[in-house]
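Below you'll find the structure, written out as structure tokens, and then a few comments.
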Amino acid sequence: MDVEEMKIINMIQGYSQSYVVYSAVELGIFNALYKKSMTSHQLATKLQLSHSLLERFMKVLVAMEFVKQVDAQYSSTSLGDKLSQDSEESMAAMILFNGRICMKAWGYFYDALKRNSSPIELMKGEAFFEVNAMSHDRLSTFNQMMRQASMQLNLNLLCETRNIDEIKKITDIGGGAGDVMVQLLEGFPYAEGIILDKDYIREEAEQTIHTHRLKERCRFVEGDFFLPIEHQSDVYVLSRILHDWDDHKVSLILRNIADVMTDENVLFIIEKLLPEKVTKQTLPAFLGDMHIWALCNGKERTEKEYEELLHQEHLYIAKKHLLNSDIVVLEVKKNVQNTNRRYDYEVCGAL
């Protein structure tokens with residue numbers, strides 16, 4: 001078998017590793033082994049699994065370097081620790097979200113391409129967010145994954161590049177459980193916040209507000225970003241919202257915000273950007289674009305594509321904040337005079 005044939009086989013059988021990792025997290029193997037070691041008999045008893053089958057499964061996890069074996073004892077490696085829900089760097093919620101929802105949707109990928117429909121719609125017959133709202137399990141899995149991602153954002157740069165005294169009110173549109181808002185209110189200590197989202201997330205958001213002792217400065221408001229925005233703020237936030245929707249719906253969201261903005265206000269758009277060129281190194285970004293399409297008929301966009309959508313709604317990028325290798329914050333302002341202000345802005349932060 002030549003190298004190219006082996007490469008193709010590894011690609012087509014890549015799903016096997018995905019299901020191994022998801023199953024190990026779902027079974028609770030990494031929770032059980034976090035900061036401790038166990039024999040396969042002890043682990044099988046704890047998880048109520050067949051010992052002989054678990055012993056075979058553990059060999060795979062050892063080979064994948066998630067688990068190590070010393071004599072008869074199994075323990076988690078640093079890689080495996082990240083898959084425990086007890087770890088501060090836990091990726092467990094993301095793994096569960098992929099296993100419970102995403103991997104099933106990708107099974108409809110071919111049919112969806114043929115029918116020009118989103119795979120998730122073929123799987124459930126309903127749009128992604130509508131299904132989430134009606135299913136407690138789906139909503140819980142999605143929220144855990146989104147909260148984990150929000151907590152890992154470092155938004156300090158946004159506070160360091162402006163006069164914090166000037167920010168008195170912040171509205172996070174589609175703000176979910178409020179983890180982004182918590183960071184912003186910590187960075188802007190004189191500001192009050194509004195978390196605007198659907199009512200099914202209210203309880204979780206209000207718990208976040210209570211936990212961080214922000215009841216005097218922050219409140220949850222039921223709302224829909226496809227409807228006119230009623231709240232005047234110094235800062236508006238869209239954190240990983242726009243990539244969930246097609247261009248038509250993104251334009252509607254931006255129009256609703258632009259209608260309430262003044263030329264003194266700012267909109268923070270937190271998103272990943274697609275690279276302009278396709279290379280082997282950019283494969284994860286373009287697979288990510290297919291992933292968001294598979295889940296909710298959304299799309300990742302290049303910087304120029306965001307520029308064009310903003311320009312249509314008389315908005316422009318005033319600054320670009322680089323958070324890490326693929327997440328940026330586009331600092332957007334209203335182009336009241338409708339002047340040609342595209343492609344000319346300051347870049348803050350460093351990769």
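The way I read the labels, and the way they are meant: chains A, B, ... in the order of the structure tokens, residue 1 as the first residue of every chain, and ligand 1 as the first ligand shown, with later ones counted on from there.
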
Spatial neighbours of stretch 232-249 of chain A, 9 Å, only C-alpha atoms, chain gap at least 3 places, as an mmCIF file with all heavy atoms, in the first residue's frame:
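Okay, this is what ended up in result37.cif:
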data_model
loop_
_atom_site.group_PDB
_atom_site.id
_atom_site.type_symbol
_atom_site.label_atom_id
_atom_site.label_comp_id
_atom_site.auth_asym_id
_atom_site.auth_seq_id
_atom_site.Cartn_x
_atom_site.Cartn_y
_atom_site.Cartn_z
ATOM 1 N N SER A 150 -17.049 30.660 25.634
ATOM 2 C CA SER A 150 -17.110 32.059 26.068
ATOM 3 C C SER A 150 -16.149 32.320 27.219
ATOM 4 O O SER A 150 -15.491 33.365 27.276
ATOM 5 C CB SER A 150 -18.533 32.425 26.505
ATOM 6 O OG SER A 150 -19.421 32.403 25.402
ATOM 7 N N GLU A 166 -16.119 56.139 29.595
ATOM 8 C CA GLU A 166 -17.112 56.518 28.599
ATOM 9 C C GLU A 166 -18.168 55.440 28.374
ATOM 10 O O GLU A 166 -19.203 55.711 27.766
ATOM 11 C CB GLU A 166 -16.412 56.831 27.281
ATOM 12 C CG GLU A 166 -15.459 58.030 27.359
ATOM 13 C CD GLU A 166 -14.707 58.241 26.059
ATOM 14 O OE1 GLU A 166 -14.888 57.409 25.136
ATOM 15 O OE2 GLU A 166 -13.948 59.226 25.965
ATOM 16 N N ILE A 167 -17.916 54.229 28.821
ATOM 17 C CA ILE A 167 -18.839 53.118 28.583
ATOM 18 C C ILE A 167 -19.795 52.995 29.763
ATOM 19 O O ILE A 167 -19.404 52.579 30.858
ATOM 20 C CB ILE A 167 -18.083 51.796 28.363
ATOM 21 C CG1 ILE A 167 -17.029 51.969 27.266
ATOM 22 C CG2 ILE A 167 -19.064 50.685 28.022
ATOM 23 C CD1 ILE A 167 -17.583 52.402 25.933
ATOM 24 N N LYS A 168 -21.049 53.366 29.539
ATOM 25 C CA LYS A 168 -22.058 53.357 30.604
ATOM 26 C C LYS A 168 -23.091 52.245 30.436
ATOM 27 O O LYS A 168 -23.731 51.842 31.400
ATOM 28 C CB LYS A 168 -22.790 54.709 30.638
ATOM 29 C CG LYS A 168 -21.869 55.917 30.830
ATOM 30 C CD LYS A 168 -21.156 55.875 32.172
ATOM 31 C CE LYS A 168 -20.343 57.143 32.390
ATOM 32 N NZ LYS A 168 -19.543 57.073 33.643
ATOM 33 N N LYS A 169 -23.258 51.754 29.200
ATOM 34 C CA LYS A 169 -24.280 50.728 28.977
ATOM 35 C C LYS A 169 -23.833 49.791 27.857
ATOM 36 O O LYS A 169 -23.361 50.231 26.810
ATOM 37 C CB LYS A 169 -25.624 51.365 28.623
ATOM 38 C CG LYS A 169 -26.794 50.404 28.733
ATOM 39 C CD LYS A 169 -28.123 51.154 28.688
ATOM 40 C CE LYS A 169 -29.293 50.216 28.933
ATOM 41 N NZ LYS A 169 -30.590 50.934 28.924
ATOM 42 N N ILE A 170 -24.005 48.490 28.110
ATOM 43 C CA ILE A 170 -23.613 47.444 27.160
ATOM 44 C C ILE A 170 -24.800 46.512 26.942
ATOM 45 O O ILE A 170 -25.445 46.080 27.907
ATOM 46 C CB ILE A 170 -22.425 46.619 27.697
ATOM 47 C CG1 ILE A 170 -21.240 47.536 28.027
ATOM 48 C CG2 ILE A 170 -22.018 45.541 26.704
ATOM 49 C CD1 ILE A 170 -20.125 46.828 28.791
ATOM 50 N N THR A 171 -25.092 46.203 25.681
ATOM 51 C CA THR A 171 -26.134 45.230 25.368
ATOM 52 C C THR A 171 -25.514 44.087 24.584
ATOM 53 O O THR A 171 -24.963 44.294 23.495
ATOM 54 C CB THR A 171 -27.267 45.855 24.537
ATOM 55 O OG1 THR A 171 -27.900 46.888 25.304
ATOM 56 C CG2 THR A 171 -28.319 44.806 24.190
ATOM 57 N N ASP A 172 -25.564 42.884 25.148
ATOM 58 C CA ASP A 172 -25.074 41.684 24.479
ATOM 59 C C ASP A 172 -26.251 41.015 23.794
ATOM 60 O O ASP A 172 -27.129 40.445 24.448
ATOM 61 C CB ASP A 172 -24.413 40.747 25.487
ATOM 62 C CG ASP A 172 -23.677 39.595 24.809
ATOM 63 O OD1 ASP A 172 -23.801 39.455 23.579
ATOM 64 O OD2 ASP A 172 -22.979 38.842 25.517
ATOM 65 N N ILE A 173 -26.298 41.092 22.479
ATOM 66 C CA ILE A 173 -27.428 40.612 21.686
ATOM 67 C C ILE A 173 -27.229 39.130 21.369
ATOM 68 O O ILE A 173 -26.250 38.744 20.741
ATOM 69 C CB ILE A 173 -27.549 41.441 20.389
ATOM 70 C CG1 ILE A 173 -27.762 42.918 20.748
ATOM 71 C CG2 ILE A 173 -28.687 40.930 19.524
ATOM 72 C CD1 ILE A 173 -27.582 43.863 19.595
ATOM 73 N N GLY A 174 -28.163 38.303 21.840
ATOM 74 C CA GLY A 174 -27.959 36.858 21.772
ATOM 75 C C GLY A 174 -26.918 36.445 22.787
ATOM 76 O O GLY A 174 -26.103 35.548 22.541
ATOM 77 N N GLY A 175 -26.953 37.074 23.969
ATOM 78 C CA GLY A 175 -25.895 36.938 24.976
ATOM 79 C C GLY A 175 -25.895 35.649 25.755
ATOM 80 O O GLY A 175 -25.013 35.445 26.600
ATOM 81 N N VAL A 180 -19.898 36.290 28.400
ATOM 82 C CA VAL A 180 -19.209 37.409 27.753
ATOM 83 C C VAL A 180 -19.517 38.707 28.485
ATOM 84 O O VAL A 180 -18.634 39.539 28.725
ATOM 85 C CB VAL A 180 -19.603 37.506 26.264
ATOM 86 C CG1 VAL A 180 -19.126 38.828 25.659
ATOM 87 C CG2 VAL A 180 -19.031 36.336 25.481
ATOM 88 N N MET A 181 -20.768 38.891 28.885
ATOM 89 C CA MET A 181 -21.157 40.097 29.604
ATOM 90 C C MET A 181 -20.393 40.238 30.926
ATOM 91 O O MET A 181 -19.988 41.348 31.311
ATOM 92 C CB MET A 181 -22.666 40.088 29.867
ATOM 93 C CG MET A 181 -23.164 41.313 30.638
ATOM 94 S SD MET A 181 -22.858 42.877 29.777
ATOM 95 C CE MET A 181 -24.199 42.838 28.571
ATOM 96 N N GLY A 193 -25.286 46.420 32.193
ATOM 97 C CA GLY A 193 -25.415 45.495 31.079
ATOM 98 C C GLY A 193 -26.805 44.941 30.901
ATOM 99 O O GLY A 193 -27.562 44.780 31.860
ATOM 100 N N PHE A 226 -33.809 39.275 15.361
ATOM 101 C CA PHE A 226 -34.463 39.469 14.073
ATOM 102 C C PHE A 226 -35.564 40.536 14.146
ATOM 103 O O PHE A 226 -36.200 40.853 13.139
ATOM 104 C CB PHE A 226 -35.048 38.157 13.563
ATOM 105 C CG PHE A 226 -34.002 37.147 13.174
ATOM 106 C CD1 PHE A 226 -33.970 35.902 13.765
ATOM 107 C CD2 PHE A 226 -33.032 37.453 12.229
ATOM 108 C CE1 PHE A 226 -33.005 34.967 13.419
ATOM 109 C CE2 PHE A 226 -32.061 36.537 11.872
ATOM 110 C CZ PHE A 226 -32.055 35.282 12.471
ATOM 111 N N ILE A 229 -34.337 46.447 17.697
ATOM 112 C CA ILE A 229 -33.699 46.572 19.006
ATOM 113 C C ILE A 229 -34.192 47.839 19.676
ATOM 114 O O ILE A 229 -34.171 48.914 19.078
ATOM 115 C CB ILE A 229 -32.161 46.614 18.867
ATOM 116 C CG1 ILE A 229 -31.655 45.416 18.060
ATOM 117 C CG2 ILE A 229 -31.499 46.680 20.236
ATOM 118 C CD1 ILE A 229 -31.908 44.082 18.689
ATOM 119 N N LEU A 252 -30.278 41.327 8.142
ATOM 120 C CA LEU A 252 -31.400 41.748 8.979
ATOM 121 C C LEU A 252 -30.938 42.038 10.401
ATOM 122 O O LEU A 252 -31.338 43.046 11.009
ATOM 123 C CB LEU A 252 -32.476 40.661 8.981
ATOM 124 C CG LEU A 252 -33.717 40.921 9.842
ATOM 125 C CD1 LEU A 252 -34.385 42.236 9.454
ATOM 126 C CD2 LEU A 252 -34.702 39.759 9.725
ATOM 127 N N ILE A 253 -30.080 41.181 10.951
ATOM 128 C CA ILE A 253 -29.544 41.404 12.299
ATOM 129 C C ILE A 253 -28.774 42.711 12.356
ATOM 130 O O ILE A 253 -28.976 43.542 13.257
ATOM 131 C CB ILE A 253 -28.632 40.235 12.723
ATOM 132 C CG1 ILE A 253 -29.439 38.934 12.838
ATOM 133 C CG2 ILE A 253 -27.940 40.540 14.057
ATOM 134 C CD1 ILE A 253 -28.580 37.689 13.000
ATOM 135 N N LEU A 254 -27.889 42.928 11.385
ATOM 136 C CA LEU A 254 -27.080 44.142 11.356
ATOM 137 C C LEU A 254 -27.945 45.387 11.168
ATOM 138 O O LEU A 254 -27.688 46.441 11.761
ATOM 139 C CB LEU A 254 -26.032 44.053 10.247
ATOM 140 C CG LEU A 254 -24.935 42.997 10.445
ATOM 141 C CD1 LEU A 254 -24.050 42.916 9.202
ATOM 142 C CD2 LEU A 254 -24.098 43.300 11.671
ATOM 143 N N ILE A 257 -29.563 46.486 14.409
ATOM 144 C CA ILE A 257 -28.621 47.147 15.308
ATOM 145 C C ILE A 257 -28.253 48.531 14.779
ATOM 146 O O ILE A 257 -28.207 49.511 15.531
ATOM 147 C CB ILE A 257 -27.361 46.281 15.500
ATOM 148 C CG1 ILE A 257 -27.742 44.930 16.117
ATOM 149 C CG2 ILE A 257 -26.342 46.992 16.388
ATOM 150 C CD1 ILE A 257 -26.615 43.935 16.178
ATOM 151 N N VAL A 260 -30.569 51.485 15.608
ATOM 152 C CA VAL A 260 -30.598 52.062 16.957
ATOM 153 C C VAL A 260 -29.255 52.688 17.339
ATOM 154 O O VAL A 260 -29.164 53.400 18.333
ATOM 155 C CB VAL A 260 -31.022 50.984 17.986
ATOM 156 C CG1 VAL A 260 -29.900 49.996 18.251
ATOM 157 C CG2 VAL A 260 -31.518 51.603 19.267
ATOM 158 N N MET A 261 -28.217 52.465 16.542
ATOM 159 C CA MET A 261 -26.896 53.008 16.849
ATOM 160 C C MET A 261 -26.786 54.480 16.460
ATOM 161 O O MET A 261 -27.437 54.932 15.516
ATOM 162 C CB MET A 261 -25.797 52.229 16.104
ATOM 163 C CG MET A 261 -25.495 50.861 16.653
ATOM 164 S SD MET A 261 -24.207 49.987 15.671
ATOM 165 C CE MET A 261 -22.763 50.992 16.030
ATOM 166 N N THR A 262 -25.945 55.207 17.199
ATOM 167 C CA THR A 262 -25.530 56.545 16.791
ATOM 168 C C THR A 262 -24.076 56.450 16.343
ATOM 169 O O THR A 262 -23.436 55.394 16.490
ATOM 170 C CB THR A 262 -25.644 57.548 17.948
ATOM 171 O OG1 THR A 262 -24.623 57.249 18.922
ATOM 172 C CG2 THR A 262 -27.014 57.464 18.619
ATOM 173 N N GLU A 264 -21.649 57.562 17.798
ATOM 174 C CA GLU A 264 -20.794 57.450 18.977
ATOM 175 C C GLU A 264 -20.754 56.026 19.520
ATOM 176 O O GLU A 264 -19.893 55.688 20.331
ATOM 177 C CB GLU A 264 -21.286 58.391 20.090
ATOM 178 C CG GLU A 264 -21.270 59.860 19.707
ATOM 179 C CD GLU A 264 -19.854 60.351 19.427
ATOM 180 O OE1 GLU A 264 -18.924 59.912 20.140
ATOM 181 O OE2 GLU A 264 -19.688 61.151 18.496
ATOM 182 N N ASN A 265 -21.714 55.203 19.095
ATOM 183 C CA ASN A 265 -21.802 53.828 19.605
ATOM 184 C C ASN A 265 -20.847 52.903 18.868
ATOM 185 O O ASN A 265 -20.328 53.237 17.798
ATOM 186 C CB ASN A 265 -23.227 53.294 19.466
ATOM 187 C CG ASN A 265 -24.263 54.134 20.186
ATOM 188 O OD1 ASN A 265 -25.423 54.162 19.786
ATOM 189 N ND2 ASN A 265 -23.864 54.853 21.232
ATOM 190 N N VAL A 266 -20.637 51.716 19.434
ATOM 191 C CA VAL A 266 -19.780 50.719 18.808
ATOM 192 C C VAL A 266 -20.433 49.348 18.912
ATOM 193 O O VAL A 266 -21.150 49.050 19.874
ATOM 194 C CB VAL A 266 -18.371 50.714 19.471
ATOM 195 C CG1 VAL A 266 -18.464 50.283 20.932
ATOM 196 C CG2 VAL A 266 -17.415 49.813 18.718
ATOM 197 N N LEU A 267 -20.207 48.531 17.896
ATOM 198 C CA LEU A 267 -20.675 47.146 17.878
ATOM 199 C C LEU A 267 -19.449 46.245 17.829
ATOM 200 O O LEU A 267 -18.610 46.376 16.941
ATOM 201 C CB LEU A 267 -21.556 46.895 16.647
ATOM 202 C CG LEU A 267 -21.841 45.431 16.270
ATOM 203 C CD1 LEU A 267 -22.641 44.722 17.367
ATOM 204 C CD2 LEU A 267 -22.574 45.356 14.928
ATOM 205 N N PHE A 268 -19.334 45.331 18.804
ATOM 206 C CA PHE A 268 -18.263 44.338 18.814
ATOM 207 C C PHE A 268 -18.783 43.047 18.186
ATOM 208 O O PHE A 268 -19.711 42.429 18.713
ATOM 209 C CB PHE A 268 -17.786 44.045 20.237
ATOM 210 C CG PHE A 268 -17.022 45.161 20.890
ATOM 211 C CD1 PHE A 268 -17.212 45.448 22.230
ATOM 212 C CD2 PHE A 268 -16.103 45.910 20.169
ATOM 213 C CE1 PHE A 268 -16.505 46.465 22.845
ATOM 214 C CE2 PHE A 268 -15.391 46.928 20.772
ATOM 215 C CZ PHE A 268 -15.582 47.215 22.113
ATOM 216 N N ILE A 269 -18.196 42.643 17.074
ATOM 217 C CA ILE A 269 -18.534 41.370 16.434
ATOM 218 C C ILE A 269 -17.396 40.395 16.712
ATOM 219 O O ILE A 269 -16.258 40.608 16.267
ATOM 220 C CB ILE A 269 -18.731 41.535 14.919
ATOM 221 C CG1 ILE A 269 -19.927 42.448 14.630
ATOM 222 C CG2 ILE A 269 -18.935 40.174 14.257
ATOM 223 C CD1 ILE A 269 -20.130 42.744 13.152
ATOM 224 N N ILE A 270 -17.681 39.347 17.480
ATOM 225 C CA ILE A 270 -16.671 38.344 17.843
ATOM 226 C C ILE A 270 -16.897 37.102 16.977
ATOM 227 O O ILE A 270 -17.927 36.438 17.088
ATOM 228 C CB ILE A 270 -16.765 37.981 19.338
ATOM 229 C CG1 ILE A 270 -16.644 39.243 20.201
ATOM 230 C CG2 ILE A 270 -15.696 36.965 19.706
ATOM 231 C CD1 ILE A 270 -16.881 39.009 21.687
ATOM 232 N N GLU A 271 -15.950 36.817 16.093
ATOM 233 C CA GLU A 271 -16.095 35.706 15.162
ATOM 234 C C GLU A 271 -14.733 35.156 14.754
ATOM 235 O O GLU A 271 -13.702 35.807 14.955
ATOM 236 C CB GLU A 271 -16.823 36.169 13.880
ATOM 237 C CG GLU A 271 -18.297 36.487 14.044
ATOM 238 C CD GLU A 271 -19.178 35.263 14.182
ATOM 239 O OE1 GLU A 271 -18.656 34.129 14.118
ATOM 240 O OE2 GLU A 271 -20.397 35.433 14.362
ATOM 241 N N LYS A 272 -14.752 33.987 14.159
ATOM 242 C CA LYS A 272 -13.597 33.489 13.429
ATOM 243 C C LYS A 272 -13.646 34.069 12.012
ATOM 244 O O LYS A 272 -14.728 34.355 11.492
ATOM 245 C CB LYS A 272 -13.605 31.965 13.351
ATOM 246 C CG LYS A 272 -13.417 31.269 14.687
ATOM 247 C CD LYS A 272 -13.353 29.762 14.515
ATOM 248 C CE LYS A 272 -13.101 29.069 15.847
ATOM 249 N NZ LYS A 272 -13.010 27.599 15.707
ATOM 250 N N ASP A 289 -16.124 25.833 8.206
ATOM 251 C CA ASP A 289 -17.202 26.432 7.417
ATOM 252 C C ASP A 289 -18.246 25.387 7.045
ATOM 253 O O ASP A 289 -19.457 25.616 7.150
ATOM 254 C CB ASP A 289 -16.601 27.073 6.164
ATOM 255 C CG ASP A 289 -17.660 27.706 5.276
ATOM 256 O OD1 ASP A 289 -18.587 28.348 5.818
ATOM 257 O OD2 ASP A 289 -17.572 27.556 4.038
ATOM 258 N N ILE A 292 -20.349 24.457 10.247
ATOM 259 C CA ILE A 292 -21.424 25.375 10.636
ATOM 260 C C ILE A 292 -22.574 25.298 9.639
ATOM 261 O O ILE A 292 -23.737 25.490 9.997
ATOM 262 C CB ILE A 292 -20.880 26.820 10.796
ATOM 263 C CG1 ILE A 292 -21.790 27.642 11.700
ATOM 264 C CG2 ILE A 292 -20.696 27.502 9.457
ATOM 265 C CD1 ILE A 292 -21.774 27.218 13.145
ATOM 266 N N TRP A 293 -22.274 24.988 8.382
ATOM 267 C CA TRP A 293 -23.342 24.763 7.405
ATOM 268 C C TRP A 293 -24.113 23.495 7.751
ATOM 269 O O TRP A 293 -25.348 23.472 7.711
ATOM 270 C CB TRP A 293 -22.759 24.639 5.997
ATOM 271 C CG TRP A 293 -23.770 24.156 4.994
ATOM 272 C CD1 TRP A 293 -24.810 24.868 4.462
ATOM 273 C CD2 TRP A 293 -23.857 22.838 4.442
ATOM 274 N NE1 TRP A 293 -25.543 24.071 3.612
ATOM 275 C CE2 TRP A 293 -24.978 22.823 3.578
ATOM 276 C CE3 TRP A 293 -23.107 21.672 4.589
ATOM 277 C CZ2 TRP A 293 -25.349 21.692 2.860
ATOM 278 C CZ3 TRP A 293 -23.478 20.546 3.878
ATOM 279 C CH2 TRP A 293 -24.588 20.561 3.031
ATOM 280 N N LEU A 295 -24.628 22.166 10.576
ATOM 281 C CA LEU A 295 -25.412 22.290 11.798
ATOM 282 C C LEU A 295 -26.608 23.226 11.665
ATOM 283 O O LEU A 295 -27.687 22.944 12.184
ATOM 284 C CB LEU A 295 -24.531 22.781 12.943
ATOM 285 C CG LEU A 295 -23.629 21.747 13.581
ATOM 286 C CD1 LEU A 295 -22.866 22.371 14.725
ATOM 287 C CD2 LEU A 295 -24.428 20.557 14.072
ATOM 288 N N CYS A 296 -26.408 24.366 11.012
ATOM 289 C CA CYS A 296 -27.494 25.352 11.037
ATOM 290 C C CYS A 296 -27.597 26.181 9.756
ATOM 291 O O CYS A 296 -28.202 27.261 9.759
ATOM 292 C CB CYS A 296 -27.357 26.279 12.244
ATOM 293 S SG CYS A 296 -25.733 27.019 12.428
ATOM 294 N N ASN A 297 -27.013 25.663 8.666
ATOM 295 C CA ASN A 297 -27.064 26.372 7.392
ATOM 296 C C ASN A 297 -26.391 27.743 7.494
ATOM 297 O O ASN A 297 -26.741 28.668 6.765
ATOM 298 C CB ASN A 297 -28.499 26.531 6.885
ATOM 299 C CG ASN A 297 -28.568 26.751 5.392
ATOM 300 O OD1 ASN A 297 -27.651 26.374 4.671
ATOM 301 N ND2 ASN A 297 -29.631 27.381 4.926
ATOM 302 N N GLY A 298 -25.427 27.853 8.421
ATOM 303 C CA GLY A 298 -24.679 29.096 8.545
ATOM 304 C C GLY A 298 -23.428 29.057 7.699
ATOM 305 O O GLY A 298 -23.236 28.153 6.873
ATOM 306 N N LYS A 299 -22.539 30.036 7.887
ATOM 307 C CA LYS A 299 -21.291 30.063 7.139
ATOM 308 C C LYS A 299 -20.257 30.914 7.861
ATOM 309 O O LYS A 299 -20.589 31.918 8.491
ATOM 310 C CB LYS A 299 -21.513 30.602 5.724
ATOM 311 C CG LYS A 299 -22.010 32.037 5.663
ATOM 312 C CD LYS A 299 -22.295 32.500 4.230
ATOM 313 C CE LYS A 299 -21.046 32.595 3.402
ATOM 314 N NZ LYS A 299 -21.299 33.217 2.075
ATOM 315 N N GLU A 300 -19.005 30.463 7.800
ATOM 316 C CA GLU A 300 -17.896 31.309 8.217
ATOM 317 C C GLU A 300 -17.591 32.263 7.064
ATOM 318 O O GLU A 300 -17.869 31.952 5.905
ATOM 319 C CB GLU A 300 -16.658 30.476 8.563
ATOM 320 C CG GLU A 300 -16.883 29.422 9.637
ATOM 321 C CD GLU A 300 -17.110 29.991 11.029
ATOM 322 O OE1 GLU A 300 -17.055 31.240 11.184
ATOM 323 O OE2 GLU A 300 -17.364 29.200 11.955
ATOM 324 N N ARG A 301 -17.006 33.422 7.379
ATOM 325 C CA ARG A 301 -16.797 34.435 6.349
ATOM 326 C C ARG A 301 -15.384 35.006 6.417
ATOM 327 O O ARG A 301 -14.755 35.035 7.468
ATOM 328 C CB ARG A 301 -17.815 35.571 6.503
ATOM 329 C CG ARG A 301 -19.249 35.135 6.269
ATOM 330 C CD ARG A 301 -20.253 36.231 6.583
ATOM 331 N NE ARG A 301 -21.604 35.851 6.192
ATOM 332 C CZ ARG A 301 -22.444 35.161 6.974
ATOM 333 N NH1 ARG A 301 -22.064 34.813 8.197
ATOM 334 N NH2 ARG A 301 -23.646 34.835 6.540
ATOM 335 N N LEU A 309 -21.020 42.998 3.920
ATOM 336 C CA LEU A 309 -22.305 42.938 4.629
ATOM 337 C C LEU A 309 -22.507 44.178 5.500
ATOM 338 O O LEU A 309 -23.612 44.735 5.564
ATOM 339 C CB LEU A 309 -22.363 41.673 5.495
ATOM 340 C CG LEU A 309 -22.537 40.360 4.736
ATOM 341 C CD1 LEU A 309 -22.272 39.173 5.653
ATOM 342 C CD2 LEU A 309 -23.941 40.261 4.144
ATOM 343 N N VAL A 329 -12.118 40.329 17.092
ATOM 344 C CA VAL A 329 -13.238 41.206 17.411
ATOM 345 C C VAL A 329 -13.205 42.346 16.411
ATOM 346 O O VAL A 329 -12.240 43.116 16.355
ATOM 347 C CB VAL A 329 -13.154 41.766 18.843
ATOM 348 C CG1 VAL A 329 -14.368 42.653 19.117
ATOM 349 C CG2 VAL A 329 -13.090 40.643 19.860
#

- Item | Filtered DSSP result for stretch 143-332 of chain A, state alpha helix (DSSP H), as a PyMOL selection string | chain A and resi 143-151+156-160+179-187+202-211+247-260+283-296+303-312

Print the selection's residues with C-alpha atoms to a file, as a tab-separated table (two decimals), in the first residue's frame.
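So the final result, stored in part06.tsv, reads:
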chain	number	residue	atom	x	y	z
A	143	ASN	CA	-25.24	25.85	26.15
A	144	GLN	CA	-22.47	23.97	27.97
A	145	MET	CA	-20.36	24.01	24.81
A	146	MET	CA	-21.00	27.73	24.17
A	147	ARG	CA	-20.36	28.68	27.79
A	148	GLN	CA	-17.07	26.82	27.78
A	149	ALA	CA	-15.99	28.70	24.64
A	150	SER	CA	-17.11	32.06	26.07
A	151	MET	CA	-15.17	31.55	29.30
A	156	ASN	CA	-9.09	42.43	28.09
A	157	LEU	CA	-7.85	44.04	24.89
A	158	LEU	CA	-11.25	45.64	24.31
A	159	CYS	CA	-11.07	47.41	27.67
A	160	GLU	CA	-7.43	48.43	27.31
A	179	ASP	CA	-20.36	34.79	30.27
A	180	VAL	CA	-19.21	37.41	27.75
A	181	MET	CA	-21.16	40.10	29.60
A	182	VAL	CA	-19.43	39.18	32.87
A	183	GLN	CA	-16.03	39.83	31.30
A	184	LEU	CA	-17.13	43.15	29.82
A	185	LEU	CA	-18.65	44.41	33.05
A	186	GLU	CA	-15.45	43.52	34.87
A	187	GLY	CA	-13.47	45.48	32.31
A	202	ARG	CA	-33.29	33.40	31.20
A	203	GLU	CA	-32.84	31.16	34.26
A	204	GLU	CA	-29.24	30.31	33.37
A	205	ALA	CA	-28.38	33.95	32.60
A	206	GLU	CA	-29.91	35.20	35.83
A	207	GLN	CA	-27.95	32.57	37.74
A	208	THR	CA	-24.75	33.88	36.13
A	209	ILE	CA	-25.70	37.43	37.14
A	210	HIS	CA	-26.33	36.27	40.71
A	211	THR	CA	-23.13	34.20	40.93
A	247	ASP	CA	-26.29	36.46	4.39
A	248	HIS	CA	-29.92	37.54	4.22
A	249	LYS	CA	-30.51	36.94	7.93
A	250	VAL	CA	-27.15	38.48	8.87
A	251	SER	CA	-28.16	41.64	7.01
A	252	LEU	CA	-31.40	41.75	8.98
A	253	ILE	CA	-29.54	41.40	12.30
A	254	LEU	CA	-27.08	44.14	11.36
A	255	ARG	CA	-29.87	46.43	10.11
A	256	ASN	CA	-31.74	46.15	13.40
A	257	ILE	CA	-28.62	47.15	15.31
A	258	ALA	CA	-27.63	49.91	12.88
A	259	ASP	CA	-31.11	51.44	13.23
A	260	VAL	CA	-30.60	52.06	16.96
A	283	LEU	CA	-7.94	23.10	6.08
A	284	PRO	CA	-9.40	23.35	9.65
A	285	ALA	CA	-10.91	26.74	8.84
A	286	PHE	CA	-12.67	25.51	5.70
A	287	LEU	CA	-13.83	22.33	7.42
A	288	GLY	CA	-15.22	24.65	10.10
A	289	ASP	CA	-17.20	26.43	7.42
A	290	MET	CA	-18.73	23.12	6.31
A	291	HIS	CA	-19.36	22.26	9.96
A	292	ILE	CA	-21.42	25.37	10.64
A	293	TRP	CA	-23.34	24.76	7.40
A	294	ALA	CA	-24.04	21.17	8.43
A	295	LEU	CA	-25.41	22.29	11.80
A	296	CYS	CA	-27.49	25.35	11.04
A	303	GLU	CA	-12.90	39.71	6.46
A	304	LYS	CA	-13.91	41.15	3.09
A	305	GLU	CA	-17.24	39.32	3.20
A	306	TYR	CA	-17.98	40.91	6.59
A	307	GLU	CA	-16.92	44.27	5.18
A	308	GLU	CA	-19.43	43.95	2.35
A	309	LEU	CA	-22.30	42.94	4.63
A	310	LEU	CA	-21.54	45.82	7.00
A	311	HIS	CA	-21.25	48.32	4.16
A	312	GLN	CA	-24.74	47.41	2.95

- Just asking: which residues within stretch 54-247 of chain A are strand (DSSP E or B) according to DSSP, as a list in words?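 So the strand (DSSP E or B) residues in stretch 54-247 of chain A would be Val67, Lys68, Gln69, Val70, Gln73, Tyr74, Ser75, Ser76, Lys169, Ile170, Thr171, Asp172, Ile173, Glu192, Gly193, Ile194, Ile195, Leu196, Asp197, Cys218, Arg219, Phe220, Val221, Glu222, Val235, Tyr236, Val237, Leu238 and Ser239 of chain A.
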
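Taking atom CA of A:Tyr74 and atom CA of A:His51 as endpoints, the distance between them is 13.5 Å.
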